[in-house]
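Let me begin by presenting the structure, written as structure tokens, before commenting on it.
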Number of protein chains: 4
Amino acid sequence: MIQITVWNENFHESTKEEIAKIYPKGIHGAIKEGLETEADFTVRTATLTDPEHGLTQEVLDNTDVLLWWGHMKHNDVADEVVERVHKRVLDGMGLIVLHSGHASKIFKKLTGAASEDLKWRETGDMEKIWLMDPSHPIADGLPELIEIEHEETYGEHFNIPAPDEIVFMSWFSGGEIFRSGCTFKRGKGKIFYFRPGHESYPIFHREDIRQVLKNAVRWAKPLHNSPSVAYGHYNFE
Amino acid sequence: MIQITVWNENFHESTKEEIAKIYPKGIHGAIKEGLETEADFTVRTATLTDPEHGLTQEVLDNTDVLLWWGHMKHNDVADEVVERVHKRVLDGMGLIVLHSGHASKIFKKLTGAASEDLKWRETGDMEKIWLMDPSHPIADGLPELIEIEHEETYGEHFNIPAPDEIVFMSWFSGGEIFRSGCTFKRGKGKIFYFRPGHESYPIFHREDIRQVLKNAVRWAKPLHNSPSVAYGHYNFE
Amino acid sequence: MIQITVWNENFHESTKEEIAKIYPKGIHGAIKEGLETEADFTVRTATLTDPEHGLTQEVLDNTDVLLWWGHMKHNDVADEVVERVHKRVLDGMGLIVLHSGHASKIFKKLTGAASEDLKWRETGDMEKIWLMDPSHPIADGLPELIEIEHEETYGEHFNIPAPDEIVFMSWFSGGEIFRSGCTFKRGKGKIFYFRPGHESYPIFHREDIRQVLKNAVRWAKPLHNSPSVAYGHYNFE
Amino acid sequence: MIQITVWNENFHESTKEEIAKIYPKGIHGAIKEGLETEADFTVRTATLTDPEHGLTQEVLDNTDVLLWWGHMKHNDVADEVVERVHKRVLDGMGLIVLHSGHASKIFKKLTGAASEDLKWRETGDMEKIWLMDPSHPIADGLPELIEIEHEETYGEHFNIPAPDEIVFMSWFSGGEIFRSGCTFKRGKGKIFYFRPGHESYPIFHREDIRQVLKNAVRWAKPLHNSPSVAYGHYNFE
């Protein structure tokens with residue numbers, strides 16, 4: 001079984017009626033629903049207001065892949081929890097950062113750059129997500145073009161390090177482009193950033209988006225039998 | 001002095017009046033004109049119909065950076081000349097491949113992929129060229145957005161290996177995106193692919209495009225004092 | 001089932017008694033033996049002297065991953081077969097190139113460089129293969145160090161494009177280092193180059209080396225449901 | 001003029017006589033001496049005990065490239081100064097991190113990983129630094145092999161993100177290898193990590209090592225006319 005934790009700040013859904021209508025079980029609930037159709041996935045959720053944001057050491061130790069959705073409440077995430085997540089990623093836990101999670105403390109820490117920097121605009125542009133790497137496991141079973149009628153716009157320059165791989169890129173009707181599906185590695189951990197998912201559109205109810213997340217979970221999960229690596233003062237035995 | 005050779009198949013300009021109007025001195029002439037404003041650049045041109053396509057061993061041995069524009073006549077380029085250019089690139093000569101040069105024999109050989117594969121359409125779309133890497137020498141002095149009112153459209157998937165660096169990407173009004181400025185290295189040679197430059201638009205008369213080419217030449221030129229590398233059977237002296 | 005074809009020029013084993021003693025079933029036989037312990041692997045072999053080198057269109061169409069061992073007979077491989085393999089790689093077939101296969105026509109064609117260029121020496125050096133990327137699927141279940149008491153030495157500079165990923169690197173007792181486990185992608189195909197495997201040492205009988213090959217096959221296999229990608233003249237329907 | 005600041009914690013030289021003998025003007029003094037033979041370099045130094053560690057906003061604003069040597073006193077560097085350096089790197093200042101600077105706060109922050117993790121041993125191993133990328137500007141004028149009779153040993157796995165480029169790699173007589181010359185980009189800033197330089201060996205007095213640093217400064221310096229990039233809420237004018 002692949003053990004998955006979906007983390008969501010769960011703020012918009014709790015405070016705005018129109019968002020609650022789109023996501024009656026929260027964004028985390030919709031993501032969970034999309035993932036748990038897979039027989040070998042076990043999915044739990046955690047939110048900002050849970051004790052330790054629901055991300056205790058025990059939860060993280062039992063998480064193969066963590067999905068992260070945050071937007072308005074990045075600064076309310078405790079530094080101690082961010083450190084804990086960072087360590088687990090270096091130790092092999094997969095991390096999937098969604099949409100405005102680009103500005104989360106954990107993603108900024110992992111990229112080492114100013115990943116909060118990008119252009120944005122809420123004008124309901126059409127988004128076309130093009131497949132850039134048809135060999136990539138995250139592309140399995142997908143069309144080469146995913147069209148989303150309305151989305152928030154993000155535009156380059158996106159202030160991240162050059163990703164290890166670019167799986168998707170977006171075109172927006174207003175004139176922008178964006179690296180929408182990017183992979184990174186840190187230590188033993190695999191990280192996937194995926195752009196779509198603004199709270200005011202029902203993105204996480206879509207089958208194609210759910211397929212991306214399923215593929216990303218399988219790609220990001222730790223190795224079965226992770227190699228032991230020695231650090232520090234060293235002598236061959 | 002940086003010694004530059006601009007190669008052009010020179011077919012459209014020689015056979016179609018409307019193209020000759022845009023490029024009365026040929027595409028190669030316009031590129032040359034754009035480059036030779038630099039005091040330390042020496043620019044010569046060569047075309048398909050010259051003996052050995054103007055790319056004799058002597059010319060290549062005295063070329064620091066070669067620019068390549070081809071479109072309809074890729075198959076008329078002699079394999080022997082392609083081999084010669086390939087060797088010179090591996091030996092340190094810079095190569096700048098322009099627009100439809102993506103399907104040239106030399107670029108296909110250097111990429112090892114099917115770089116002729118991409119989507120295209122001639123509908124006069126607007127192209128917006130976004131800067132993806134503001135640290136890159138090829139971006140020096142440029143705006144973050146170059147807008148071209150009408151261009152031929154290219155669309156992903158562009159069937160190249162993942163570039164070492166992506167400097168520019170294009171948005172097209174019709175819905176496509178494209179990796180428009182890509183760097184590669186082969187041996188001691190640096191290669192830059194740059195997308196714009198369809199023959200029916202006066203792209204190479206633009207100051208911004210000329211700036212890209214000037215920067216690319218400086219980036220692609222060989223090292224001053226290239227390290228000597230030994231290959232084959234080897235023993236430390 | 002993952003369908004695997006192991007290709008071997010099968011020259012040393014057929015002509016030198018001391019090599020035949022190490023590999024009585026040929027290098028291909030030893031590799032096959034190592035792979036077919038996996039329940040979901042179907043392994044066949046093909047050699048240079050088979051009609052069409054055993055790599056007919058039908059065989060390739062039914063191959064998910066091709067392993068390639070060649071050394072003295074690279075030039076005897078028909079260009080037509082090389083073209084066929086190249087096309088299949090671009091179309092998604094995985095390719096694992098072993099040891100002196102770095103100088104094979106197919107690897108040179110796929111890299112676009114002069115991958116035959118490297119330093120070499122047959123002095124029975126010790127090789128230590130270090131794990132460079134502990135997150136990589138090809139490292140699953142392996143130690144961070146594989147020690148081979150005697151091997152042929154390869155040394156940098158290895159004249160390949162910068163690999164997409166470096167999984168292993170080797171240290172040699174004589175003073176050289178080498179990028180021993182490198183991944184590349186071309187089109188839909190994944191390529192893994194793995195250095196060890198000189199004919200005069202029983203490398204392919206080792207459990208650790210066999211584990212690398214098993215992992216590499218799983219990594220390189222095509223997607224279950226490969227995305228359809230359109231190329232050429234294009235209009236949205 | 002390229003304005004360079006050499007930062008050094010200056011602890012070993014100030015407290016141990018045998019180190020002071022090797023570096024009577026400090027490691028920073030030796031590095032400065034090596035750089036200022038270039039007519040277009042202006043070099044100043046700064047150390048841990050200077051007010052604000054000598055890295056005031058004004059100094060950083062007037063620094064094109066910062067070199068960093070630290071070892072025992074990483075934790076004594078004020079977080080505020082680290083933030084300031086981080087911002088300047090993102091804004092275009094080049095950064096060259098030397099030897100044990102791999103574990104500095106600034107390098108860890110920029111890599112986003114646990115770059116303090118590596119193997120090490122002080123047994124006076126011989127180090128052979130091999131050139132991995134003969135096309136790279138940092139290799140200009142260098143031999144393909146730099147031999148250092150005695151150095152501290154570092155061994156992989158070095159817990160950094162995959163570098164954008166690997167320029168050098170080291171072999172150690174004791175059995176280790178190490179990615180010794182690595183480039184990274186963050187925002188507009190270029191970063192070069194260079195391994196050699198343990199305090200107990202006269203590394204920074206060597207001409208070859210000084211050549212590497214000179215080349216690295218030229219490579220890392222900001223663009224002449226850095227593109228202006230807009231972030232945040234965005235509308236085309």
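Chain lettering (A, B, ...) mirrors the order of the structure tokens, residue numbering begins at 1 for each chain separately, and ligand numbering begins at 1 in order of display.
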Sorted per-residue table, chain A near chain D, closest atoms and distance, 9 Å, only C-alpha atoms, as a Markdown table:
| residue | atom | partner | partner_atom | distance |
| --- | --- | --- | --- | --- |
| A:His86 | CA | D:Ala113 | CA | 8.6 |
| A:Lys87 | CA | D:Ala114 | CA | 8.9 |
| A:Leu90 | CA | D:Ala113 | CA | 7.2 |
| A:Lys108 | CA | D:Gly112 | CA | 8.1 |
| A:Lys109 | CA | D:Gly112 | CA | 5.5 |
| A:Leu110 | CA | D:Gly112 | CA | 4.3 |
| A:Thr111 | CA | D:Gly112 | CA | 5.3 |
| A:Gly112 | CA | D:Leu110 | CA | 4.3 |
| A:Ala113 | CA | D:Arg186 | CA | 5.7 |
| A:Ala114 | CA | D:Gly187 | CA | 7.4 |
| A:Glu116 | CA | D:Gly232 | CA | 8.8 |
| A:Asp117 | CA | D:Tyr231 | CA | 5.6 |
| A:Leu118 | CA | D:Tyr231 | CA | 5.0 |
| A:Lys119 | CA | D:Gly232 | CA | 4.8 |
| A:Trp120 | CA | D:His233 | CA | 5.1 |
| A:Arg121 | CA | D:His233 | CA | 5.8 |
| A:Glu122 | CA | D:His233 | CA | 8.9 |
| A:Gly155 | CA | D:Tyr234 | CA | 8.6 |
| A:Glu156 | CA | D:Tyr231 | CA | 8.5 |
| A:His157 | CA | D:Val229 | CA | 7.2 |
| A:Phe158 | CA | D:Tyr231 | CA | 8.5 |
| A:Asn159 | CA | D:Gly187 | CA | 5.8 |
| A:Ile160 | CA | D:Arg186 | CA | 7.0 |
| A:Pro161 | CA | D:Arg186 | CA | 5.6 |
| A:Ala162 | CA | D:Lys185 | CA | 7.6 |
| A:Asp164 | CA | D:Ala162 | CA | 7.6 |
| A:Gly174 | CA | D:Phe236 | CA | 8.8 |
| A:Gly175 | CA | D:Phe236 | CA | 8.6 |
| A:Phe184 | CA | D:Pro161 | CA | 8.0 |
| A:Lys185 | CA | D:Pro161 | CA | 6.3 |
| A:Arg186 | CA | D:Pro161 | CA | 5.6 |
| A:Gly187 | CA | D:Asn159 | CA | 5.8 |
| A:Val229 | CA | D:His157 | CA | 7.2 |
| A:Ala230 | CA | D:Lys119 | CA | 7.1 |
| A:Tyr231 | CA | D:Lys119 | CA | 5.0 |
| A:Gly232 | CA | D:Lys119 | CA | 4.8 |
| A:His233 | CA | D:Trp120 | CA | 5.1 |
| A:Tyr234 | CA | D:Lys119 | CA | 5.7 |
| A:Asn235 | CA | D:Arg121 | CA | 7.2 |
| A:Phe236 | CA | D:Gly175 | CA | 8.6 |
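Within the 12 Å cut-off around Pro227 of chain B, using only C-alpha atoms and omitting residues fewer than 6 positions from it on the same chain, the listed residues are Asp91, Gly92, Gly187 and Lys188 of chain B; His157 of chain C; Trp130, Leu131, Met132, Asp133, Pro134, Ser135, His136, Pro137, Ile138, Ala139, Asp140, Gly141, Leu142, Pro143, Glu144, Leu145 and Ile146 of chain D.
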### Message
as a ChimeraX atom specification, please: every residue in segment 42-105 of chain D that DSSP puts in helix (DSSP H, G or I).
### Response
/D:51-54,57-61,74-76,79-90,99-103,105
Just the selected residues (C-alpha atoms), exported as a JSON list (two decimals), in the first residue's frame, please.
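In the end it all went to again-v7.json:
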[["chain", "number", "residue", "atom", "x", "y", "z"],
["D", 51, "PRO", "CA", 31.08, 44.39, 12.06],
["D", 52, "GLU", "CA", 28.20, 42.59, 10.33],
["D", 53, "HIS", "CA", 30.92, 40.10, 9.27],
["D", 54, "GLY", "CA", 32.06, 42.76, 6.81],
["D", 57, "GLN", "CA", 24.26, 46.01, 2.61],
["D", 58, "GLU", "CA", 26.58, 48.58, 1.09],
["D", 59, "VAL", "CA", 29.41, 46.10, 0.63],
["D", 60, "LEU", "CA", 27.08, 43.55, -0.93],
["D", 61, "ASP", "CA", 25.49, 46.16, -3.18],
["D", 74, "HIS", "CA", 29.17, 28.44, 10.30],
["D", 75, "ASN", "CA", 26.81, 28.83, 13.21],
["D", 76, "ASP", "CA", 28.34, 32.14, 14.21],
["D", 79, "ASP", "CA", 20.96, 34.81, 10.09],
["D", 80, "GLU", "CA", 20.34, 38.40, 9.08],
["D", 81, "VAL", "CA", 23.55, 38.47, 7.07],
["D", 82, "VAL", "CA", 22.70, 35.13, 5.48],
["D", 83, "GLU", "CA", 19.34, 36.55, 4.39],
["D", 84, "ARG", "CA", 21.08, 39.58, 2.95],
["D", 85, "VAL", "CA", 23.52, 37.47, 0.95],
["D", 86, "HIS", "CA", 20.68, 35.21, -0.24],
["D", 87, "LYS", "CA", 18.73, 38.20, -1.55],
["D", 88, "ARG", "CA", 21.77, 39.58, -3.33],
["D", 89, "VAL", "CA", 22.42, 36.24, -5.01],
["D", 90, "LEU", "CA", 18.82, 36.07, -6.24],
["D", 99, "HIS", "CA", 35.63, 23.65, 0.34],
["D", 100, "SER", "CA", 33.95, 23.33, 3.76],
["D", 101, "GLY", "CA", 31.67, 26.19, 2.81],
["D", 102, "HIS", "CA", 29.42, 23.35, 1.60],
["D", 103, "ALA", "CA", 28.05, 23.32, 5.16],
["D", 105, "LYS", "CA", 24.19, 28.50, 6.17]]
### Query
When DSSP works through the backbone of this structure, what residues of segment 49-221 of chain C end up as strand (DSSP E or B), shown as a ChimeraX atom specification?
/C:65-69,94-98,119-131,145-155,165-172,177-186,189-194
Taking C-alpha atoms for each residue, export the selection above as a PDB file, in the first residue's frame.
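Result saved to again_15.pdb:
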ATOM      1  CA  VAL C  65      13.487  -2.985 -23.290  1.00  0.00           C
ATOM      2  CA  LEU C  66      16.553  -3.824 -25.346  1.00  0.00           C
ATOM      3  CA  LEU C  67      19.947  -4.468 -23.734  1.00  0.00           C
ATOM      4  CA  TRP C  68      23.028  -3.980 -25.922  1.00  0.00           C
ATOM      5  CA  TRP C  69      26.504  -5.458 -25.529  1.00  0.00           C
ATOM      6  CA  GLY C  94      13.806   1.323 -23.447  1.00  0.00           C
ATOM      7  CA  LEU C  95      17.501   0.830 -24.236  1.00  0.00           C
ATOM      8  CA  ILE C  96      20.243  -0.285 -21.866  1.00  0.00           C
ATOM      9  CA  VAL C  97      23.719   0.137 -23.298  1.00  0.00           C
ATOM     10  CA  LEU C  98      26.427  -1.883 -21.592  1.00  0.00           C
ATOM     11  CA  LYS C 119      40.247   6.811 -21.787  1.00  0.00           C
ATOM     12  CA  TRP C 120      40.735   3.082 -21.297  1.00  0.00           C
ATOM     13  CA  ARG C 121      43.331   0.673 -19.971  1.00  0.00           C
ATOM     14  CA  GLU C 122      43.305  -3.075 -19.333  1.00  0.00           C
ATOM     15  CA  THR C 123      45.370  -3.430 -16.182  1.00  0.00           C
ATOM     16  CA  GLY C 124      42.913  -5.147 -13.884  1.00  0.00           C
ATOM     17  CA  ASP C 125      42.296  -2.081 -11.738  1.00  0.00           C
ATOM     18  CA  MET C 126      39.864  -2.278  -8.870  1.00  0.00           C
ATOM     19  CA  GLU C 127      36.624  -0.441  -9.583  1.00  0.00           C
ATOM     20  CA  LYS C 128      34.456   1.124  -6.912  1.00  0.00           C
ATOM     21  CA  ILE C 129      31.032   2.104  -8.186  1.00  0.00           C
ATOM     22  CA  TRP C 130      29.547   4.814  -5.995  1.00  0.00           C
ATOM     23  CA  LEU C 131      25.867   5.615  -5.849  1.00  0.00           C
ATOM     24  CA  LEU C 145      29.172   1.091  -2.982  1.00  0.00           C
ATOM     25  CA  ILE C 146      29.710  -1.792  -5.381  1.00  0.00           C
ATOM     26  CA  GLU C 147      33.279  -3.049  -5.420  1.00  0.00           C
ATOM     27  CA  ILE C 148      34.671  -5.004  -8.342  1.00  0.00           C
ATOM     28  CA  GLU C 149      38.070  -6.456  -7.696  1.00  0.00           C
ATOM     29  CA  HIS C 150      39.267  -6.314 -11.287  1.00  0.00           C
ATOM     30  CA  GLU C 151      37.839  -4.554 -14.286  1.00  0.00           C
ATOM     31  CA  GLU C 152      38.906  -2.756 -17.407  1.00  0.00           C
ATOM     32  CA  THR C 153      39.456   0.920 -16.612  1.00  0.00           C
ATOM     33  CA  TYR C 154      37.513   3.698 -18.305  1.00  0.00           C
ATOM     34  CA  GLY C 155      38.404   7.320 -17.594  1.00  0.00           C
ATOM     35  CA  GLU C 165      20.765  11.943 -14.466  1.00  0.00           C
ATOM     36  CA  ILE C 166      23.965  10.429 -13.104  1.00  0.00           C
ATOM     37  CA  VAL C 167      23.093   7.401 -11.001  1.00  0.00           C
ATOM     38  CA  PHE C 168      26.535   5.853 -10.532  1.00  0.00           C
ATOM     39  CA  MET C 169      30.140   6.953 -10.850  1.00  0.00           C
ATOM     40  CA  SER C 170      33.247   4.808 -10.729  1.00  0.00           C
ATOM     41  CA  TRP C 171      36.592   5.166  -9.042  1.00  0.00           C
ATOM     42  CA  PHE C 172      39.522   3.146 -10.372  1.00  0.00           C
ATOM     43  CA  ILE C 177      36.905   8.274 -12.543  1.00  0.00           C
ATOM     44  CA  PHE C 178      33.954   7.657 -14.853  1.00  0.00           C
ATOM     45  CA  ARG C 179      30.241   8.383 -15.129  1.00  0.00           C
ATOM     46  CA  SER C 180      29.182   4.755 -14.954  1.00  0.00           C
ATOM     47  CA  GLY C 181      25.422   4.974 -14.745  1.00  0.00           C
ATOM     48  CA  CYS C 182      23.809   7.655 -16.907  1.00  0.00           C
ATOM     49  CA  THR C 183      20.264   8.227 -18.070  1.00  0.00           C
ATOM     50  CA  PHE C 184      19.116   9.949 -21.239  1.00  0.00           C
ATOM     51  CA  LYS C 185      15.766  10.396 -22.937  1.00  0.00           C
ATOM     52  CA  ARG C 186      15.094  10.582 -26.639  1.00  0.00           C
ATOM     53  CA  GLY C 189      12.405   6.312 -25.055  1.00  0.00           C
ATOM     54  CA  LYS C 190      14.494   6.023 -21.934  1.00  0.00           C
ATOM     55  CA  ILE C 191      18.156   5.097 -22.219  1.00  0.00           C
ATOM     56  CA  PHE C 192      20.518   3.870 -19.511  1.00  0.00           C
ATOM     57  CA  TYR C 193      24.231   3.532 -20.012  1.00  0.00           C
ATOM     58  CA  PHE C 194      25.968   1.208 -17.537  1.00  0.00           C
TER      59      PHE C 194
END
### Task
Find the spatial neighbours of Thr47 of chain D, counting only C-alpha atoms, within a cut-off of 7 Å - ignore same-chain residues fewer than 3 positions away - and output them as a ChimeraX atom specification.
/D:7-10,50,53-54
I need the chosen residues saved as a PDB file, in the first residue's frame, with all heavy atoms.
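File produced: out_30.pdb:
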ATOM      1  N   TRP D   7      35.231  36.463   1.395  1.00  0.00           N
ATOM      2  CA  TRP D   7      34.852  36.321   2.787  1.00  0.00           C
ATOM      3  C   TRP D   7      35.505  35.074   3.388  1.00  0.00           C
ATOM      4  O   TRP D   7      35.525  34.010   2.769  1.00  0.00           O
ATOM      5  CB  TRP D   7      33.336  36.209   2.942  1.00  0.00           C
ATOM      6  CG  TRP D   7      32.909  36.315   4.382  1.00  0.00           C
ATOM      7  CD1 TRP D   7      32.615  37.466   5.052  1.00  0.00           C
ATOM      8  CD2 TRP D   7      32.754  35.248   5.325  1.00  0.00           C
ATOM      9  NE1 TRP D   7      32.291  37.186   6.357  1.00  0.00           N
ATOM     10  CE2 TRP D   7      32.372  35.840   6.562  1.00  0.00           C
ATOM     11  CE3 TRP D   7      32.914  33.876   5.270  1.00  0.00           C
ATOM     12  CZ2 TRP D   7      32.137  35.086   7.707  1.00  0.00           C
ATOM     13  CZ3 TRP D   7      32.691  33.109   6.415  1.00  0.00           C
ATOM     14  CH2 TRP D   7      32.295  33.718   7.615  1.00  0.00           C
ATOM     15  N   ASN D   8      36.002  35.220   4.599  1.00  0.00           N
ATOM     16  CA  ASN D   8      36.661  34.099   5.270  1.00  0.00           C
ATOM     17  C   ASN D   8      36.332  34.163   6.758  1.00  0.00           C
ATOM     18  O   ASN D   8      36.336  35.238   7.350  1.00  0.00           O
ATOM     19  CB  ASN D   8      38.179  34.214   5.072  1.00  0.00           C
ATOM     20  CG  ASN D   8      38.950  33.087   5.746  1.00  0.00           C
ATOM     21  OD1 ASN D   8      38.382  32.051   6.104  1.00  0.00           O
ATOM     22  ND2 ASN D   8      40.232  33.295   5.930  1.00  0.00           N
ATOM     23  N   GLU D   9      36.051  33.024   7.354  1.00  0.00           N
ATOM     24  CA  GLU D   9      35.817  33.057   8.802  1.00  0.00           C
ATOM     25  C   GLU D   9      37.104  33.375   9.562  1.00  0.00           C
ATOM     26  O   GLU D   9      37.053  33.883  10.680  1.00  0.00           O
ATOM     27  CB  GLU D   9      35.192  31.747   9.296  1.00  0.00           C
ATOM     28  CG  GLU D   9      36.093  30.549   9.147  1.00  0.00           C
ATOM     29  CD  GLU D   9      35.487  29.262   9.733  1.00  0.00           C
ATOM     30  OE1 GLU D   9      34.265  29.062   9.611  1.00  0.00           O
ATOM     31  OE2 GLU D   9      36.249  28.464  10.281  1.00  0.00           O
ATOM     32  N   ASN D  10      38.252  33.085   8.944  1.00  0.00           N
ATOM     33  CA  ASN D  10      39.557  33.494   9.500  1.00  0.00           C
ATOM     34  C   ASN D  10      39.767  33.004  10.926  1.00  0.00           C
ATOM     35  O   ASN D  10      40.279  33.728  11.767  1.00  0.00           O
ATOM     36  CB  ASN D  10      39.672  35.028   9.452  1.00  0.00           C
ATOM     37  CG  ASN D  10      41.104  35.513   9.661  1.00  0.00           C
ATOM     38  OD1 ASN D  10      42.055  34.808   9.338  1.00  0.00           O
ATOM     39  ND2 ASN D  10      41.238  36.704  10.216  1.00  0.00           N
ATOM     40  N   ASP D  50      34.570  41.069  11.583  1.00  0.00           N
ATOM     41  CA  ASP D  50      34.246  42.450  11.181  1.00  0.00           C
ATOM     42  C   ASP D  50      32.802  42.755  11.578  1.00  0.00           C
ATOM     43  O   ASP D  50      31.978  41.844  11.701  1.00  0.00           O
ATOM     44  CB  ASP D  50      34.372  42.608   9.652  1.00  0.00           C
ATOM     45  CG  ASP D  50      35.800  42.449   9.156  1.00  0.00           C
ATOM     46  OD1 ASP D  50      36.737  42.626   9.958  1.00  0.00           O
ATOM     47  OD2 ASP D  50      35.969  42.122   7.959  1.00  0.00           O
ATOM     48  N   HIS D  53      30.023  41.025   9.998  1.00  0.00           N
ATOM     49  CA  HIS D  53      30.916  40.102   9.269  1.00  0.00           C
ATOM     50  C   HIS D  53      31.511  40.751   8.014  1.00  0.00           C
ATOM     51  O   HIS D  53      31.939  40.046   7.085  1.00  0.00           O
ATOM     52  CB  HIS D  53      30.188  38.815   8.864  1.00  0.00           C
ATOM     53  CG  HIS D  53      29.373  38.181   9.932  1.00  0.00           C
ATOM     54  ND1 HIS D  53      29.792  38.099  11.252  1.00  0.00           N
ATOM     55  CD2 HIS D  53      28.133  37.599   9.899  1.00  0.00           C
ATOM     56  CE1 HIS D  53      28.847  37.478  11.964  1.00  0.00           C
ATOM     57  NE2 HIS D  53      27.838  37.178  11.180  1.00  0.00           N
ATOM     58  N   GLY D  54      31.513  42.052   7.982  1.00  0.00           N
ATOM     59  CA  GLY D  54      32.059  42.759   6.815  1.00  0.00           C
ATOM     60  C   GLY D  54      31.136  42.739   5.616  1.00  0.00           C
ATOM     61  O   GLY D  54      31.502  43.195   4.533  1.00  0.00           O
TER      62      GLY D  54
END
### Query
What gap, in Å, lies between atom CA of Ala30 of chain B and atom CA of Asn225 of chain D?
25.0 Å
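The shell of residues at most 9 Å from Val43 of chain B, with only C-alpha atoms counted and near chain neighbours (fewer than 5 positions) removed, consists of Ile2, Gln3, Ile4, Thr5, Val6, Lys32, Glu33, Leu35 and Glu36 of chain B.
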### Task
Find the residues near Tyr23 of chain B: any atom within 10 Å, counting only C-alpha atoms, skip ones fewer than 3 places away on the same chain, and give them as a list of chain:residue names.
B:His12, B:Glu13, B:Ser14, B:Glu17, B:Glu18, B:Ile19, B:Ala20, B:Gly26, B:Ile27, B:His28, B:Gly29, B:Ala30, B:Ile31, B:Glu199, B:Ser200, B:Tyr201, B:Pro202, B:Ile203, B:Phe204, B:His205
